[in-house]
Structures are given as C-alpha cells and as structure tokens.
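J.: Would you mind keeping the following structure in view while I ask a few things?
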There are 2 protein chains.
Amino acid sequence: MTVKVEFHFDFGSPNAYLAHLVIPDIERRAGVQFEYVPVLLGGVFKATNNVSPAVSLQGVKNKGEYQQLETQRFLEKHGITRYARNPFFPVNTLKIMRGAIAAQKLGVFEKYVDEVYRHMWAEPKKMDELDVIRAAYEASGLPADDLIEGMEDTGVKAKLIANTEDSVARGVFGSPSFFVGKELYFGKDRLGEVEEEIEAQKR
Amino acid sequence: MTVKVEFHFDFGSPNAYLAHLVIPDIERRAGVQFEYVPVLLGGVFKATNNVSPAVSLQGVKNKGEYQQLETQRFLEKHGITRYARNPFFPVNTLKIMRGAIAAQKLGVFEKYVDEVYRHMWAEPKKMDELDVIRAAYEASGLPADDLIEGMEDTGVKAKLIANTEDSVARGVFGSPSFFVGKELYFGKDRLGEVEEEIEAQKR
C-alpha cells in the first residue's frame, strides 16, 4: 500500500533544514518519497497565535542552551556538517517561499529546495533581499528571472496562502511538521516516529 | 563502570509521572538504578523565568491538541493505563515535595514516590490540602504524622531549596529532567536517548 508522507516546510526554520538533510535516508530505507509542501511559517504563527522558539526562549534561563545542545546532538547523530547558523536570522521568507511555488510550476522544485536551503543554512545569506536572492539563484543555475517574476504571480501568491491555511486546518502550528497519512508529527526529533508510522501504514 | 542516572522530578508534572512509569523498564534493561531527586518545579520556573506548558500553550491554536496527541501516543506505546488527568491541576506541590524529602529521611522514599504519584495521576486528588494529603498517606500505609511533621522541618525545607537550586545550576528549566552523568535530557520523549547514553557510558 502506498503511504502518503508530507513535509510542510519553510526555509526560515533551521530545524526544518536539519530534517531536510535526514529525509533522504528515511526515503531510501522506507522506500517512500516525501512530498514537500511549501507553507509560510509566519502565516502559520499568525493563524495559531504561536511564536518561534527564538521568541519564546527569550529571557528564559537554560532552555536556549539546552536547545543548542539538542541541535548539537542531532548533528552528531546524523553526521551533519553542512550547517551554519544564519547570521541574518530571522530572515523574512515570503519571497523565497513564493519562489518555491513558482519553482513547482517551472519544474525545478527539487533543485530549488536543495539550493535555497544551502543558501539559507549551509552558506547562509540574507535571503529576503531580492538582489541577494537573484545572485543565489544564478549561482545555483536556477532560472532567476522566471522565479522572481513568478513571485509576483497572483496564482503563486494564492497557492502559498492556500497551502498555509490548509496546513493549519490540519493541525500544524510550527515547523518542521510531517504528515504520514493523516497523522501529524512535529519537530525534527519525531523523524524516528515518522519512519515507524510509515512502516506501520505500509502493512 | 557505574553510570550515575538522575531523575529530577516534581509530582506536579504529568509528563514526569509518565516518565516514572517507564523508568523501571529502562532500569531493568540497562541494569542501572535512577536516583530520584525531588525538586520544586515552581522554584525552577521562578529561577529560569520559564513557564509550564499549561501557561505557554494558552491561546495557541493546534499546539495543545498536538501535545494531547503526543501524550496519547506515549500511553499507547508503553501500554500505560494508570493515568488520569488531575481535575485540580495545577496542584501546588510544595507540601508533597517537602514530604518527599521527609520520606527520604524516614526511609520510606521509594514507596512515597510510587504512592504520591498514584494519588496525583492515577486516582487524582487535590494534593495541596493537608487533610487530603493526610488521608492519602494513611490510605497508602505511609507514616502520615511523621511526614507532615517533617514538612515543617527547617532541614527538610532547606534541602528541597538546595536540590532545586543545584538542578537549575546544572541546566534544568522544566520537568521531567534527567542526567546521565553530566548529560542533561529534558522531556519524557528523551527516555530513548537517556537509555542510549547509559549504554554508551557503560562502555
């Protein structure tokens, strides 16, 4: 039986990036393909009244340090070396998330996701400025003009809003979020359970 | 090599209770014994400026529902049936946490922990009222008079404060928290990693 697995992502979440690096291993082991669904995390937060960890951890002793420790453990566990904190965090991702929808229409989505994640969290740049975005697209061999034109397309804008609203309607409140069938999982540390659920639903 | 494993707990945290139910399995598999360290969660929150999930989830759409889903999954995964939400939540745990220190001095700590957890989260009662506490102790065959007298002991009070301050100094910000040697783990969902770390430190 085919299992539908979704990854609702926004380039702005470092934890979503780290999940993105681990997903290929799960896909290979489980013989499934994750469907990447672009959502606007700012829109999710607005709709749910949730805030990012960067906000909720502010002024709380020990908790931020522990989150860093968990990130470090995740990097070590999965042998991840391609990760650098983005010095421009938080980056407004509206343009590059609209770009992700445009990339779907242009048939360059998979490469777009890999490359934009690289420009955000491996060789981090201020990816909310159009000239920076354009240069990054060009460096990656992506169709910069078409992508940037696509960001202004009414259909593209509407699709990103619809994805985001649909995601919230299905229970999402943050990033990264995963669905295995109808089952929601939140957080990069749920990838083990995501894989278990995939196996369970295959049976 | 002997591995030192600590569980910093407060009876007020339902997630700490659920961890408490799973710890015996880990102890048996790993051949270790968890040292239970009574801390006052209210004191941890005050010292770190952290808040309980009950507070942080207030007014946030989807997130509370997801936490309930995670609890449900935890119950199913571990076959836990002895769990009921405490209708008096949040219960002020100052008395019963002082009672835990008194129980250590009286040599009835292990039974005290099991029984008070039961009175909080399996057959839940308003365990911040002295008459309710006394009746619960008596029903459990615990030395009610000695425990209640112990709660007013200066040494007992000081020990609970010292435990709490020490816990925060070592990085704790919430409950449940675990140490394997010096390594801190937060949350009932880290018990798998706690067990892995125990095995790693045994080698």
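By order in the structure tokens, chains are A, B, ...; within a chain, residues start at 1; ligands start at 1, following the order shown.
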Which residues of segment 92-193 of chain A come within 12 Å of segment 188-194 of chain B, and for each one, what is the closest pair of atoms and their distance in Å to one decimal, counting only C-alpha atoms, sorted by chain and residue number, as a tab-separated table?

T.:
```
residue	atom	partner	partner_atom	distance
A:Gly187	CA	B:Asp189	CA	11.9
A:Asp189	CA	B:Asp189	CA	9.2
A:Arg190	CA	B:Asp189	CA	9.4
A:Gly192	CA	B:Gly192	CA	11.0
A:Glu193	CA	B:Asp189	CA	10.9
```

J.: Show me which bits of chain A are within 7 Å of chain B, counting only C-alpha atoms, as a list of chain:residue names.

T.: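 The answer, sorted by residue number, is A:Thr48, A:Asn49, A:Asn50, A:Gly59, A:Val60, A:Lys61, A:Asn62, A:Lys63, A:Gly171, A:Val172, A:Phe173.
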
J.: Using only C-alpha atoms, which of A:Pro38, A:Gly99, A:Gly79, A:Pro14 sits nearest Pro143 of chain A?

T.: A:Gly99

J.: Which of these residues is nearest to Glu76 of chain A, using only C-alpha atoms: A:Leu18, A:Glu196, A:Arg134, A:Ala102?

T.: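 Among the listed residues, the smallest separation from Glu76 of chain A belongs to A:Leu18.
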
J.: Just the alpha helix (DSSP H) stuff from chain B, please, per backbone DSSP, written as a ChimeraX atom specification.

T.: /B:14-30,41-48,53-56,63-78,94-106,109-121,130-139,144-151,154-169,191-202

J.: Filtering to C-alpha atoms, could you give me those residues as a short mmCIF file (atom, residue, chain, number, x, y, z; two decimals), in the first residue's frame?

T.:
```cif
data_model
loop_
_atom_site.label_atom_id
_atom_site.label_comp_id
_atom_site.auth_asym_id
_atom_site.auth_seq_id
_atom_site.Cartn_x
_atom_site.Cartn_y
_atom_site.Cartn_z
CA PRO B 14 2.11 14.78 34.40
CA ASN B 15 4.97 14.17 31.99
CA ALA B 16 7.25 13.37 34.93
CA TYR B 17 4.65 10.86 36.14
CA LEU B 18 4.52 9.20 32.74
CA ALA B 19 8.32 9.02 32.71
CA HIS B 20 8.18 7.49 36.21
CA LEU B 21 6.06 4.65 34.85
CA VAL B 22 8.57 3.87 32.10
CA ILE B 23 11.77 4.19 34.15
CA PRO B 24 11.53 0.67 35.68
CA ASP B 25 11.73 -0.87 32.19
CA ILE B 26 14.89 1.09 31.44
CA GLU B 27 16.38 0.19 34.82
CA ARG B 28 15.77 -3.48 34.15
CA ARG B 29 17.11 -3.45 30.60
CA ALA B 30 20.14 -1.28 31.34
CA LEU B 41 9.16 22.89 39.74
CA GLY B 42 7.70 26.23 40.78
CA GLY B 43 11.16 27.17 42.06
CA VAL B 44 12.76 26.03 38.79
CA PHE B 45 10.31 28.18 36.81
CA LYS B 46 10.92 31.17 39.05
CA ALA B 47 14.70 30.85 38.80
CA THR B 48 14.71 30.41 35.00
CA PRO B 53 3.12 24.13 29.17
CA ALA B 54 -0.32 24.86 30.66
CA VAL B 55 0.62 28.53 30.58
CA SER B 56 2.65 28.67 27.35
CA LYS B 63 -0.41 23.11 19.84
CA GLY B 64 -2.32 21.89 22.89
CA GLU B 65 -4.22 19.38 20.78
CA TYR B 66 -0.91 18.11 19.44
CA GLN B 67 0.50 17.75 22.96
CA GLN B 68 -2.52 15.65 23.85
CA LEU B 69 -1.91 13.54 20.76
CA GLU B 70 1.71 13.02 21.84
CA THR B 71 0.59 12.01 25.31
CA GLN B 72 -1.87 9.56 23.79
CA ARG B 73 0.85 8.07 21.59
CA PHE B 74 3.15 7.74 24.63
CA LEU B 75 0.43 5.95 26.60
CA GLU B 76 -0.19 3.53 23.74
CA LYS B 77 3.49 2.92 23.02
CA HIS B 78 4.16 2.00 26.64
CA LEU B 94 5.20 22.43 47.95
CA LYS B 95 3.86 20.23 50.76
CA ILE B 96 4.18 16.88 49.00
CA MET B 97 7.65 17.74 47.66
CA ARG B 98 8.79 18.64 51.18
CA GLY B 99 7.14 15.37 52.14
CA ALA B 100 9.39 13.61 49.63
CA ILE B 101 12.49 14.93 51.40
CA ALA B 102 10.98 13.91 54.74
CA ALA B 103 10.31 10.45 53.31
CA GLN B 104 13.99 10.13 52.39
CA LYS B 105 14.93 10.83 55.99
CA LEU B 106 12.30 8.37 57.22
CA PHE B 109 11.11 7.32 49.89
CA GLU B 110 10.52 4.71 47.21
CA LYS B 111 7.06 3.81 48.46
CA TYR B 112 6.30 7.51 48.99
CA VAL B 113 7.09 8.35 45.37
CA ASP B 114 5.01 5.49 43.95
CA GLU B 115 2.05 6.24 46.19
CA VAL B 116 2.01 10.02 45.87
CA TYR B 117 2.28 9.72 42.11
CA ARG B 118 -0.73 7.41 42.25
CA HIS B 119 -2.67 9.94 44.31
CA MET B 120 -1.77 12.65 41.81
CA TRP B 121 -2.15 11.00 38.41
CA LEU B 130 -3.30 18.97 54.22
CA ASP B 131 -6.36 16.86 55.09
CA VAL B 132 -6.39 15.35 51.62
CA ILE B 133 -2.66 14.66 51.85
CA ARG B 134 -3.03 13.07 55.28
CA ALA B 135 -5.85 10.81 54.13
CA ALA B 136 -3.82 9.78 51.08
CA TYR B 137 -0.74 8.98 53.18
CA GLU B 138 -2.84 6.93 55.56
CA ALA B 139 -4.57 5.04 52.76
CA ALA B 144 1.38 10.40 57.92
CA ASP B 145 2.20 12.15 61.20
CA ASP B 146 5.94 11.91 60.72
CA LEU B 147 5.75 13.03 57.10
CA ILE B 148 3.55 16.02 57.86
CA GLU B 149 5.71 16.99 60.80
CA GLY B 150 8.75 16.63 58.56
CA MET B 151 7.34 19.14 56.07
CA THR B 154 13.96 23.51 58.62
CA GLY B 155 16.42 20.98 57.27
CA VAL B 156 13.77 19.46 55.00
CA LYS B 157 12.77 22.85 53.64
CA ALA B 158 16.40 23.80 53.07
CA LYS B 159 17.17 20.53 51.31
CA LEU B 160 14.34 21.00 48.80
CA ILE B 161 15.58 24.52 48.05
CA ALA B 162 19.16 23.28 47.68
CA ASN B 163 18.09 20.46 45.33
CA THR B 164 16.18 22.96 43.21
CA GLU B 165 19.00 25.49 43.06
CA ASP B 166 21.51 22.78 42.24
CA SER B 167 19.24 21.47 39.49
CA VAL B 168 18.94 24.91 37.89
CA ALA B 169 22.69 25.47 38.23
CA LEU B 191 13.94 8.44 27.55
CA GLY B 192 15.13 6.53 24.48
CA GLU B 193 18.18 8.77 24.27
CA VAL B 194 18.68 8.52 28.03
CA GLU B 195 18.88 4.75 27.64
CA GLU B 196 21.28 5.03 24.70
CA GLU B 197 23.50 7.37 26.70
CA ILE B 198 23.50 4.98 29.67
CA GLU B 199 24.67 2.18 27.38
CA ALA B 200 27.32 4.46 25.85
CA GLN B 201 28.66 5.47 29.26
CA LYS B 202 28.76 1.87 30.45
#
```

J.: Between atom CA of Pro87 of chain A and atom CA of Lys125 of chain A, what is the spacing in Å?

T.: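 Rounded to one decimal, the two atoms are 7.9 Å apart.
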